[in-house]
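File shown: protein.cif. Contents: mmCIF, C-alpha atoms.
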```
data_input
#
loop_
_atom_site.label_atom_id
_atom_site.label_comp_id
_atom_site.auth_asym_id
_atom_site.auth_seq_id
_atom_site.Cartn_x
_atom_site.Cartn_y
_atom_site.Cartn_z
CA MET E 198 184.41 1.76 248.50
CA SER E 199 185.79 4.21 251.04
CA GLU E 200 183.56 6.64 252.89
CA ASP E 201 185.43 9.56 251.30
CA ARG E 202 184.77 8.22 247.85
CA LEU E 203 181.12 7.67 248.63
CA LYS E 204 180.86 11.27 249.84
CA ARG E 205 182.40 12.46 246.62
CA ARG E 206 179.94 10.36 244.61
CA ARG E 207 177.03 11.80 246.55
CA PHE E 208 178.27 15.29 245.87
CA ILE E 209 178.63 14.53 242.14
CA ALA E 210 175.25 12.79 242.10
CA ASP E 211 173.58 15.94 243.43
CA MET E 212 174.80 17.81 240.39
CA LEU E 213 174.58 15.01 237.84
CA PHE E 214 170.97 14.22 238.53
CA ALA E 215 169.80 17.79 239.14
CA GLY E 216 169.11 17.90 235.43
CA SER E 217 169.71 21.61 234.94
CA ALA E 218 172.26 23.19 232.64
CA VAL E 219 173.56 25.26 235.55
CA ALA E 220 174.34 22.14 237.55
CA GLY E 221 175.93 20.55 234.48
CA ALA E 222 178.06 23.61 233.87
CA GLY E 223 179.09 23.68 237.52
CA LEU E 224 180.12 20.05 237.36
CA VAL E 225 182.10 20.37 234.14
CA SER E 226 183.85 23.59 235.18
CA ARG E 227 184.69 22.18 238.61
CA TRP E 228 186.54 19.16 237.23
CA ALA E 229 187.97 21.02 234.27
CA MET E 230 189.47 23.57 236.65
CA ALA E 231 190.61 20.84 239.03
CA GLN E 232 192.61 19.27 236.19
CA LYS E 233 194.31 22.58 235.36
CA GLU E 234 195.02 23.76 238.89
CA PRO E 235 198.06 22.64 240.91
CA PRO E 236 197.35 20.21 243.73
CA PRO E 237 195.51 21.82 246.62
CA PRO E 238 197.43 22.84 249.77
CA PRO E 239 197.38 20.42 252.68
CA PRO E 240 194.10 20.46 254.60
CA ARG E 241 193.71 22.84 257.46
CA PRO E 242 193.75 21.32 260.92
CA SER E 243 190.36 20.22 262.10
CA SER E 244 190.45 22.87 264.80
CA SER E 245 190.31 25.58 262.11
CA PRO E 246 188.15 28.35 263.51
CA SER E 247 186.51 29.14 260.21
CA PRO E 248 185.51 25.96 258.46
CA GLU E 249 183.77 26.24 255.13
CA PRO E 250 180.02 26.05 255.49
CA PRO E 251 178.64 22.65 254.49
CA ARG E 252 177.15 22.53 251.03
CA MET E 253 173.50 21.61 251.03
CA ARG E 254 171.95 19.06 248.70
CA GLY E 255 170.87 20.72 245.50
CA GLU E 256 173.07 23.73 246.10
CA VAL E 257 175.14 24.34 243.02
CA GLU E 258 178.56 25.88 242.83
CA ALA E 259 178.68 28.76 240.36
CA PRO E 260 180.82 27.95 237.33
CA ARG E 261 184.26 29.53 237.49
CA VAL E 262 185.16 31.65 234.51
CA LYS E 263 188.69 31.93 233.20
CA GLY E 264 190.14 35.30 234.24
CA ASP E 265 187.96 35.52 237.31
CA VAL E 266 190.74 36.26 239.81
CA ALA E 267 191.08 37.88 243.20
CA PRO E 268 192.09 41.59 243.13
CA PRO E 269 195.71 42.33 244.14
CA HIS E 270 196.51 43.63 247.59
CA PRO E 271 197.01 47.40 247.65
CA GLY E 272 200.69 48.27 247.32
CA SER E 273 201.72 44.81 246.18
CA VAL E 274 204.47 44.57 243.54
CA ALA E 275 204.07 42.41 240.46
CA PRO E 276 206.74 39.70 240.13
CA PRO E 277 209.23 40.09 237.26
CA VAL E 278 208.13 38.47 234.03
CA GLN E 279 210.38 35.62 232.95
CA SER E 280 210.51 34.48 229.38
CA PRO E 281 209.84 30.74 229.05
CA SER E 282 212.83 28.54 228.35
CA PRO E 283 212.84 27.08 224.82
CA VAL E 284 211.42 23.61 224.42
CA VAL E 285 213.94 21.27 222.86
CA GLU E 286 212.62 18.76 220.37
CA GLY E 287 211.93 15.50 222.12
CA GLU E 288 211.90 17.05 225.54
CA VAL E 289 208.97 15.98 227.64
CA LYS E 290 207.10 18.72 229.38
CA ALA E 291 206.33 17.87 232.97
CA ARG E 292 202.74 18.42 234.02
CA MET D 193 186.64 -20.05 224.77
CA ARG D 194 183.97 -18.57 227.01
CA VAL D 195 181.49 -21.00 228.49
CA SER D 196 178.29 -20.06 230.21
CA LEU D 197 177.24 -22.82 232.58
CA VAL D 198 173.51 -23.01 233.21
CA LEU D 199 173.71 -24.57 236.66
CA THR D 200 169.98 -25.08 237.15
CA HIS D 201 166.56 -24.50 235.64
CA GLN D 202 165.24 -23.68 239.11
CA CYS D 203 164.64 -20.12 240.27
CA ASN D 204 163.17 -18.53 243.39
CA LEU D 205 161.80 -15.53 241.47
CA ALA D 206 158.97 -15.55 238.95
CA CYS D 207 159.95 -12.77 236.55
CA SER D 208 157.11 -12.08 234.17
CA TYR D 209 159.37 -11.61 231.14
CA CYS D 210 161.80 -14.47 231.83
CA TYR D 211 162.94 -16.01 228.56
CA THR D 212 164.27 -19.23 230.09
CA GLY D 213 160.83 -20.86 230.09
CA ASP D 214 159.27 -23.19 232.67
CA LYS D 215 161.22 -23.77 235.86
CA PHE D 216 161.92 -27.30 237.02
CA ASN D 217 164.29 -29.15 239.25
CA ARG D 218 167.24 -30.10 237.10
CA SER D 219 170.75 -29.07 238.04
CA MET D 220 174.14 -29.54 236.46
CA PRO D 221 176.20 -32.35 238.03
CA VAL D 222 179.75 -31.33 238.94
CA GLU D 223 181.13 -34.05 236.64
CA LEU D 224 179.34 -32.50 233.69
CA GLY D 225 180.53 -29.02 234.63
CA TRP D 226 184.06 -30.42 234.80
CA LYS D 227 183.75 -31.70 231.20
CA ALA D 228 182.57 -28.25 230.14
CA LEU D 229 185.56 -26.65 231.84
CA LYS D 230 187.97 -29.00 230.09
CA MET D 231 186.32 -28.05 226.80
CA ALA D 232 186.78 -24.36 227.61
CA PHE D 233 190.46 -24.83 228.48
CA HIS D 234 191.16 -26.87 225.38
CA GLY D 235 192.19 -23.86 223.25
CA PRO D 236 195.57 -22.14 222.94
CA ARG D 237 197.13 -21.12 226.25
CA GLU D 238 197.38 -17.46 225.34
CA GLU D 239 193.61 -17.38 224.85
CA THR D 240 191.45 -15.99 227.65
CA VAL D 241 189.09 -18.52 229.18
CA GLY D 242 185.76 -17.19 230.38
CA VAL D 243 183.55 -19.15 232.76
CA SER D 244 180.20 -17.66 233.68
CA PHE D 245 177.48 -19.08 235.88
CA PHE D 246 173.90 -18.68 234.82
CA GLY D 247 170.47 -20.17 235.49
CA GLY D 248 167.67 -20.25 236.64
CA GLU D 249 169.26 -18.78 239.72
CA PRO D 250 172.84 -20.08 239.91
CA MET D 251 173.23 -19.14 243.59
CA LEU D 252 170.74 -21.92 244.38
CA GLU D 253 173.60 -24.19 243.32
CA PHE D 254 176.35 -22.33 245.14
CA LYS D 255 178.02 -25.56 246.22
CA THR D 256 178.42 -26.70 242.61
CA MET D 257 179.49 -23.23 241.57
CA SER D 258 182.21 -23.05 244.21
CA ARG D 259 183.54 -26.48 243.28
CA LEU D 260 183.62 -25.64 239.57
CA THR D 261 185.29 -22.32 240.36
CA ARG D 262 188.05 -24.05 242.27
CA LEU D 263 188.46 -26.58 239.48
CA ALA D 264 188.67 -23.83 236.86
CA THR D 265 191.26 -22.00 238.93
CA ARG D 266 193.35 -25.16 239.24
CA LEU D 267 193.12 -25.81 235.52
CA ALA D 268 194.28 -22.25 234.92
CA GLU D 269 197.19 -22.74 237.30
CA ARG D 270 198.19 -25.99 235.68
CA GLN D 271 198.23 -24.39 232.25
CA GLY D 272 200.30 -21.47 233.46
CA ARG D 273 197.41 -19.11 233.05
CA ARG D 274 197.74 -18.16 236.67
CA THR D 275 200.47 -15.58 236.09
CA ARG D 276 198.25 -12.67 235.30
CA LEU D 277 195.46 -13.96 237.48
CA ALA D 278 197.71 -13.48 240.47
CA GLU D 279 198.61 -9.96 239.38
CA ARG D 280 195.14 -8.55 239.17
CA GLN D 281 192.62 -11.34 238.99
CA GLY D 282 194.04 -11.94 235.57
CA ARG D 283 192.67 -11.76 232.09
CA ARG D 284 193.40 -15.33 231.33
CA LEU D 285 190.58 -16.71 233.45
CA GLU D 286 187.55 -14.48 233.73
CA LEU D 287 184.87 -15.67 236.12
CA SER D 288 181.41 -14.17 236.13
CA LEU D 289 178.02 -14.72 237.66
CA THR D 290 174.55 -13.47 236.79
CA THR D 291 172.28 -13.47 239.84
CA ASN D 292 168.97 -12.08 241.04
CA ALA D 293 170.72 -10.96 244.27
CA THR D 294 168.25 -12.69 246.59
CA ILE D 295 170.91 -15.10 247.88
CA LEU D 296 174.10 -13.22 248.73
CA THR D 297 175.49 -13.87 252.17
CA LYS D 298 178.69 -12.32 253.50
CA LYS D 299 180.47 -15.65 253.07
CA GLN D 300 179.36 -15.89 249.45
CA LEU D 301 180.41 -12.31 248.75
CA ASP D 302 183.82 -13.08 250.25
CA PHE D 303 184.10 -16.08 247.94
CA LEU D 304 183.17 -14.03 244.88
CA ARG D 305 185.63 -11.29 245.79
CA HIS D 306 188.40 -13.77 246.51
CA HIS D 307 188.06 -15.29 243.04
CA GLY D 308 187.75 -11.92 241.30
CA PHE D 309 184.28 -12.57 239.91
CA TRP D 310 182.43 -10.12 237.74
CA VAL D 311 178.99 -10.19 239.35
CA ALA D 312 175.96 -9.08 237.36
CA VAL D 313 172.94 -8.34 239.52
CA SER D 314 169.45 -8.02 238.04
CA ILE D 315 167.47 -5.09 239.43
CA ASP D 316 164.69 -3.41 237.49
CA GLY D 317 164.05 -0.35 239.63
CA MET D 318 163.14 0.79 243.09
CA GLY D 319 160.38 -0.70 245.22
CA ALA D 320 157.23 -1.33 243.25
CA ASP D 321 158.99 -0.93 239.89
CA HIS D 322 161.25 -3.86 240.72
CA ASP D 323 158.46 -5.96 242.24
CA ARG D 324 156.16 -5.44 239.32
CA HIS D 325 158.02 -8.03 237.26
CA ARG D 326 160.43 -9.63 239.72
CA SER D 327 158.56 -10.99 242.72
CA PHE D 328 159.28 -14.28 244.47
CA VAL D 329 157.50 -17.38 243.17
CA ASN D 330 154.98 -17.05 246.02
CA GLY D 331 154.24 -13.47 244.98
CA ARG D 332 156.17 -11.86 247.81
CA SER D 333 158.11 -8.67 247.15
CA SER D 334 161.84 -9.08 246.51
CA SER D 335 162.92 -5.45 246.14
CA GLU D 336 163.80 -4.74 249.76
CA LEU D 337 166.04 -7.78 250.02
CA VAL D 338 167.63 -7.19 246.64
CA TRP D 339 168.50 -3.55 247.34
CA ARG D 340 169.91 -4.50 250.73
CA ASN D 341 172.07 -7.15 249.08
CA LEU D 342 173.13 -4.69 246.39
CA GLU D 343 174.37 -2.33 249.06
CA ALA D 344 176.36 -5.15 250.68
CA ALA D 345 177.73 -6.13 247.29
CA THR D 346 178.95 -2.60 246.57
CA GLU D 347 180.90 -2.73 249.81
CA GLU D 348 182.46 -6.12 249.10
CA LEU D 349 182.90 -6.34 245.34
CA GLU D 350 184.91 -4.22 242.96
CA ARG D 351 183.58 -5.94 239.88
CA LEU D 352 179.89 -5.32 240.06
CA HIS D 353 177.45 -4.72 237.26
CA VAL D 354 173.70 -4.11 237.44
CA LEU D 355 171.37 -5.38 234.71
CA MET D 356 168.12 -3.42 234.43
CA VAL D 357 165.36 -4.77 232.25
CA LEU D 358 163.21 -1.89 231.02
CA ASN D 359 159.49 -2.29 230.64
CA PRO D 360 156.95 0.27 229.39
CA GLU D 361 155.27 0.60 232.77
CA THR D 362 158.49 0.94 234.79
CA ILE D 363 160.83 2.92 232.54
CA GLY D 364 159.77 6.21 234.14
CA GLY D 365 161.42 5.11 237.39
CA VAL D 366 164.77 4.37 235.80
CA PRO D 367 166.43 7.75 236.55
CA ALA D 368 165.63 7.49 240.28
CA ALA D 369 166.97 3.93 240.41
CA LEU D 370 170.13 4.88 238.51
CA GLU D 371 170.71 7.78 240.87
CA GLN D 372 170.31 5.59 243.94
CA MET D 373 172.68 2.98 242.52
CA TYR D 374 175.30 5.63 241.78
CA ARG D 375 175.05 6.95 245.33
CA LEU D 376 175.54 3.42 246.67
CA GLY D 377 178.73 3.05 244.66
CA VAL D 378 177.57 1.18 241.56
CA SER D 379 179.60 2.23 238.51
CA ARG D 380 178.32 -0.13 235.82
CA VAL D 381 174.75 -0.64 234.68
CA SER D 382 173.26 -2.07 231.50
CA LEU D 383 169.81 -0.94 230.38
CA LEU D 384 168.09 -3.80 228.59
CA PRO D 385 164.70 -3.01 227.04
CA ASN D 386 162.24 -5.87 227.10
CA MET D 387 161.90 -6.48 223.38
CA GLU D 388 158.73 -8.52 223.78
CA ALA D 389 156.81 -5.81 225.63
CA ASP D 390 154.23 -3.57 223.98
CA TRP D 391 156.02 -0.23 223.59
CA ASP D 392 153.10 1.98 222.65
CA GLN D 393 153.37 5.65 221.73
CA ALA D 394 153.19 6.91 225.33
CA ALA D 395 155.83 4.42 226.50
CA ARG D 396 158.09 5.42 223.62
CA GLU D 397 157.77 9.08 224.58
CA THR D 398 158.74 8.27 228.17
CA ALA D 399 161.62 6.16 226.92
CA ARG D 400 162.78 9.04 224.72
CA GLN D 401 162.83 11.44 227.67
CA VAL D 402 164.57 8.98 229.97
CA TYR D 403 167.22 8.04 227.40
CA HIS D 404 168.03 11.67 226.62
CA ASP D 405 168.30 12.56 230.31
CA MET D 406 170.38 9.53 231.20
CA ALA D 407 172.72 9.86 228.20
CA ARG D 408 173.41 13.39 229.40
CA VAL D 409 174.09 12.16 232.96
CA VAL D 410 176.46 9.50 231.69
CA PHE D 411 178.40 11.84 229.40
CA LEU D 412 178.62 14.47 232.15
CA SER D 413 179.88 11.86 234.60
CA MET D 414 182.73 11.06 232.20
CA ALA D 415 184.10 14.52 232.95
CA THR D 416 184.34 13.70 236.67
CA PRO D 417 186.59 11.35 238.64
CA GLU D 418 183.57 9.07 239.19
CA PRO D 419 182.35 8.08 235.72
CA TYR D 420 179.07 6.22 235.43
CA HIS D 421 179.29 3.47 232.85
CA VAL D 422 175.68 3.01 231.88
CA SER D 423 175.31 0.92 228.76
CA PRO D 424 174.34 1.64 226.00
CA PHE D 425 175.41 5.29 226.41
CA ALA D 426 178.82 4.74 227.94
CA ASP D 427 179.70 2.24 225.19
CA GLN D 428 179.61 5.14 222.73
CA HIS D 429 181.88 7.37 224.79
CA ALA D 430 185.50 7.68 223.76
CA CYS D 431 186.69 7.00 227.34
CA SER D 432 184.93 3.65 227.63
CA PRO D 433 186.84 0.44 227.14
CA ARG D 434 185.81 -1.50 224.06
CA THR D 435 183.92 -4.65 224.91
CA SER D 436 184.51 -7.81 222.96
CA HIS D 437 181.75 -9.07 220.74
CA CYS D 438 179.94 -12.34 221.19
CA SER D 439 181.21 -14.97 218.79
CA PHE D 440 177.94 -16.90 218.93
CA GLY D 441 178.73 -20.56 219.20
CA VAL D 442 182.32 -20.52 218.00
CA LYS D 443 184.15 -19.14 221.02
CA ASP D 444 181.05 -18.43 223.13
CA VAL D 445 179.01 -21.44 224.18
CA ALA D 446 176.26 -22.00 226.73
CA VAL D 447 176.04 -25.38 228.43
CA SER D 448 172.71 -26.70 229.70
CA PRO D 449 172.42 -28.81 232.88
CA ARG D 450 172.23 -31.91 230.63
CA GLY D 451 175.42 -30.96 228.77
CA LYS D 452 173.86 -29.71 225.54
CA LEU D 453 175.60 -26.77 223.87
CA TYR D 454 173.87 -23.63 222.61
CA PRO D 455 175.39 -20.62 220.89
CA CYS D 456 173.99 -18.31 223.58
CA SER D 457 172.63 -18.73 227.11
CA ARG D 458 169.44 -16.96 226.02
CA LEU D 459 168.66 -19.91 223.77
CA VAL D 460 168.93 -22.67 226.38
CA GLY D 461 165.35 -22.23 227.63
CA THR D 462 164.00 -25.56 228.86
CA ASP D 463 166.77 -27.40 226.99
CA THR D 464 164.41 -28.89 224.43
CA ARG D 465 165.12 -26.89 221.26
CA VAL D 466 167.12 -29.27 219.15
CA ASP D 467 167.12 -26.79 216.25
CA VAL D 468 169.46 -24.40 218.09
CA GLN D 469 171.69 -26.96 219.79
CA VAL D 470 175.24 -26.98 218.43
CA GLY D 471 176.75 -30.01 220.17
CA THR D 472 177.37 -31.50 223.59
CA VAL D 473 180.15 -31.27 226.18
CA ASP D 474 181.47 -34.53 224.71
CA THR D 475 181.59 -33.36 221.10
CA GLY D 476 182.36 -29.67 221.67
CA PRO D 477 180.72 -27.13 219.36
CA LEU D 478 180.12 -28.71 215.94
CA LEU D 479 181.04 -26.09 213.39
CA ASP D 480 178.50 -27.20 210.78
CA ARG D 481 175.71 -26.85 213.38
CA VAL D 482 177.00 -23.45 214.47
CA GLN D 483 177.12 -22.32 210.87
CA ALA D 484 173.59 -23.55 210.18
CA VAL D 485 172.18 -21.68 213.18
CA THR D 486 174.13 -18.52 212.30
CA VAL D 487 172.82 -18.56 208.72
CA ARG D 488 169.25 -19.06 209.93
CA SER D 489 169.60 -16.11 212.29
CA ALA D 490 171.04 -13.85 209.59
CA GLU D 491 168.22 -14.75 207.18
CA LYS D 492 165.57 -13.91 209.76
CA MET D 493 167.17 -10.58 210.54
CA SER D 494 167.71 -9.53 206.97
CA SER D 495 164.03 -10.20 206.25
CA CYS D 496 163.16 -7.19 208.38
CA GLY D 497 166.00 -5.02 207.14
CA THR D 498 168.21 -5.06 210.21
CA SER D 499 171.44 -6.72 211.14
CA GLY D 500 171.99 -4.81 214.37
CA PRO D 501 171.06 -6.91 217.39
CA CYS D 502 172.72 -10.00 218.73
CA ALA D 503 172.24 -13.03 216.52
CA CYS D 504 170.27 -14.76 219.27
CA VAL D 505 167.40 -12.23 219.14
CA SER D 506 165.97 -13.57 215.91
CA LEU D 507 166.04 -17.12 217.27
CA MET D 508 164.24 -16.39 220.51
CA PRO D 509 160.71 -17.63 220.99
CA GLY D 510 157.93 -15.08 220.46
CA ASP D 511 157.10 -12.55 217.77
CA VAL D 512 160.47 -11.92 216.14
CA GLN D 513 159.23 -9.15 213.88
CA GLN D 514 157.86 -7.23 216.84
CA GLN D 515 161.09 -7.72 218.78
CA LEU D 516 163.16 -6.46 215.91
CA SER D 517 160.85 -3.47 215.52
CA VAL D 518 161.38 -2.58 219.20
CA HIS D 519 165.08 -3.11 218.69
CA ARG D 520 165.06 -0.63 215.79
CA PHE D 521 163.26 1.97 217.89
CA PHE D 522 165.82 1.72 220.69
CA ALA D 523 168.77 1.66 218.29
CA GLU D 524 167.61 4.98 216.81
CA LEU D 525 166.90 6.39 220.25
CA ILE D 526 170.38 5.47 221.46
CA GLY D 527 171.93 7.21 218.46
CA ASP D 528 169.87 10.37 218.97
CA SER D 529 170.34 10.61 222.74
CA VAL D 530 174.07 9.93 222.59
CA GLU D 531 174.58 12.54 219.90
CA ALA D 532 172.59 15.13 221.88
CA ALA D 533 174.51 14.33 225.06
CA ARG D 534 177.85 14.56 223.29
CA LEU D 535 177.02 18.03 221.94
CA TYR D 536 175.66 19.17 225.30
CA VAL D 537 178.80 18.23 227.21
CA GLU D 538 181.08 19.57 224.48
CA GLU D 539 179.36 22.94 224.72
CA LEU D 540 179.64 23.00 228.50
CA GLN D 541 183.32 22.13 228.26
CA MET D 542 183.92 24.88 225.70
CA VAL D 543 182.33 27.42 228.02
CA ALA D 544 184.27 26.09 231.02
CA ALA D 545 187.55 26.33 229.11
#
```
Written as structure tokens, how would this file's structure read?
Amino acid sequence: MSEDRLKRRRFIADMLFAGSAVAGAGLVSRWAMAQKEPPPPPPRPSSSPSPEPPRMRGEVEAPRVKGDVAPPHPGSVAPPVQSPSPVVEGEVKAR
Amino acid sequence: MRVSLVLTHQCNLACSYCYTGDKFNRSMPVELGWKALKMAFHGPREETVGVSFFGGEPMLEFKTMSRLTRLATRLAERQGRRTRLAERQGRRLELSLTTNATILTKKQLDFLRHHGFWVAVSIDGMGADHDRHRSFVNGRSSSELVWRNLEAATEELERLHVLMVLNPETIGGVPAALEQMYRLGVSRVSLLPNMEADWDQAARETARQVYHDMARVVFLSMATPEPYHVSPFADQHACSPRTSHCSFGVKDVAVSPRGKLYPCSRLVGTDTRVDVQVGTVDTGPLLDRVQAVTVRSAEKMSSCGTSGPCACVSLMPGDVQQQLSVHRFFAELIGDSVEAARLYVEELQMVAA
């Protein structure tokens, strides 16, 4: 098993075995969101001046709630709304 | 056919609950193992052949095991069963080993990985919990060595499975052991309550708490990219692969070191129980004997109002009624804890959505 995978397991284990509903909710929402979201952008170079702080054991990520979005920049313009193209019977929708 | 080859009655551990009876120096000759393999490969070519190595401690007979493994592989090749084996260790020849993990060198792990073995390792808990029932024959602790070997096995083997026997005085330590195994990279564990132990009220309460907590952990893990397949909980989850059932003497046969056939490896014991023998490697399983043993098992189980556990349970030595009563307790507990865990995770998922 690769070191990356082991790290991921340790992270999951912290939440799985914490035993609290908050940890459980954090775990479920994290992977539920991960399945819905597009693939993450490529990782920042290691020389990034502002790396994310390391997560400590037992520290739980707050569950993300649908609709919880960043506020728009002042003066930004909303993109035009496009109506979805009709789905033809038998057509397979790409994920 | 799936054959379980009991390579030896000898073992280097002295597990207090061991059901295989007295240990003595009798091992399976390669020639006899070869006959058993030919019996296993006798069926239709599209049928999967399973060969598992059991004991005593089968790794004490690693030389015999490696020879029989090579012979089984060659038989599979000759019968054209190799095709899928080459693709992904195949489904046509499934090799497995049940070991106490005290004898696992790098070379042996390489061998097991090379042949695509499913390796089942027996560990009852951490430190003192493990040693309480699984010390060496001279009384020395085995836990440190076993956990070290487990770690090495997780690095070398993809097909690894831990068997944990639960006892009243050690069940409280199960969550910690399961957590440590998960962190090491173990993905499959089977919890096996000792049916002969005295599960008093206090022990049952502890078991209830542990089962509810662990069912929740297992069901939560199924929502992550690193699922934890802990039986019996994972078996009830929709994402778990269905396991095939034991066919008890018809397609599943255990072979003793003397070449006697039993419908299950749990019934081999000291190889003296003629009443549960169903043939020899020369005759193959005799269907009338298999039927007689199956009927006897069913009668014993129906007398206590259950038909749930494996057929072998009612034929094991000891107080059958007590064992079946413990079985009933755990069967109900599994149902309750799985149902609670399912609801818990469903609710969390609804909120997350």
### Message
What are the residues of chain E lining chain D at 7 Å or less? Count all atoms listed in the file, and put the answer as a list in words.
### Response
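Close to chain D, chain E has Met198, Leu203, Arg206, Arg207, Ala210, Leu213, Phe214, Ala222, Val225, Ser226, Trp228 and Val262 of chain E.
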Could you write out as an mmCIF file with C-alpha atoms, in the coordinates of the input the residues that the PyMOL selection byres ((chain D and resi 440-449) around 6) matches in the shown file?
```
data_model
loop_
_atom_site.group_PDB
_atom_site.id
_atom_site.type_symbol
_atom_site.label_atom_id
_atom_site.label_comp_id
_atom_site.auth_asym_id
_atom_site.auth_seq_id
_atom_site.Cartn_x
_atom_site.Cartn_y
_atom_site.Cartn_z
ATOM 1 C CA MET D 193 186.640 -20.050 224.770
ATOM 2 C CA ARG D 194 183.970 -18.570 227.010
ATOM 3 C CA VAL D 195 181.490 -21.000 228.490
ATOM 4 C CA SER D 196 178.290 -20.060 230.210
ATOM 5 C CA LEU D 197 177.240 -22.820 232.580
ATOM 6 C CA VAL D 198 173.510 -23.010 233.210
ATOM 7 C CA LEU D 199 173.710 -24.570 236.660
ATOM 8 C CA SER D 219 170.750 -29.070 238.040
ATOM 9 C CA MET D 220 174.140 -29.540 236.460
ATOM 10 C CA CYS D 438 179.940 -12.340 221.190
ATOM 11 C CA SER D 439 181.210 -14.970 218.790
ATOM 12 C CA ARG D 450 172.230 -31.910 230.630
ATOM 13 C CA GLY D 451 175.420 -30.960 228.770
ATOM 14 C CA LYS D 452 173.860 -29.710 225.540
ATOM 15 C CA LEU D 453 175.600 -26.770 223.870
ATOM 16 C CA TYR D 454 173.870 -23.630 222.610
ATOM 17 C CA PRO D 455 175.390 -20.620 220.890
ATOM 18 C CA CYS D 456 173.990 -18.310 223.580
ATOM 19 C CA SER D 457 172.630 -18.730 227.110
ATOM 20 C CA VAL D 482 177.000 -23.450 214.470
#
```
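Take CA of Pro385 in chain D and CA of Asn359 in chain D: the distance between them is 6.4 Å.
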### Message
Which residues are near Met212 in chain E? Cut-off 8 Å, all atoms listed in the file, ignore same chain within fewer than 2 positions. Put them as JSON, numbers by chain.
### Response
{"E": [208, 209, 210, 214, 215, 216, 220, 221, 223, 224, 255, 257]}
#### Entry: Pro250 in chain D surroundings by all atoms listed in the file, 10 Å radius, close-in-sequence under 6 positions cut, as a list in words
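Near neighbours after the sequence-gap exclusion: Leu197, Val198, Leu199, Thr200, His201, Gln202, Cys203, Ser219, Ser244, Thr256, Met257, Leu289, Thr290, Thr291, Asn292 and Ile295 of chain D.
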### Task
In Å, rounded to a single decimal, give me how far CA of Gly308 in chain D is from CA of Leu285 in chain D.
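Rounded to one decimal, the two atoms are 9.6 Å apart.
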### Message
For Asp392 in chain D, find every residue with an atom within 12 Å (counting all atoms listed in the file), except residues of its own chain fewer than 6 positions away, and show them as a list in words.
### Response
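Returned residues: Asn359, Pro360, Glu361, Thr398, Ala399, Gln514, Ser517, Val518 and Phe521 of chain D.
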### Query
Please, what distance in Å, to one decimal, runs between CA of Asp214 in chain D and CA of Thr462 in chain D?
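Between these atoms lies a distance of 6.5 Å.
Candidate residues D:Gln428, D:Thr294, D:Gln513, D:Ser314 were compared for distance to Glu388 in chain D, and the nearest is D:Gln513, using all atoms listed in the file.
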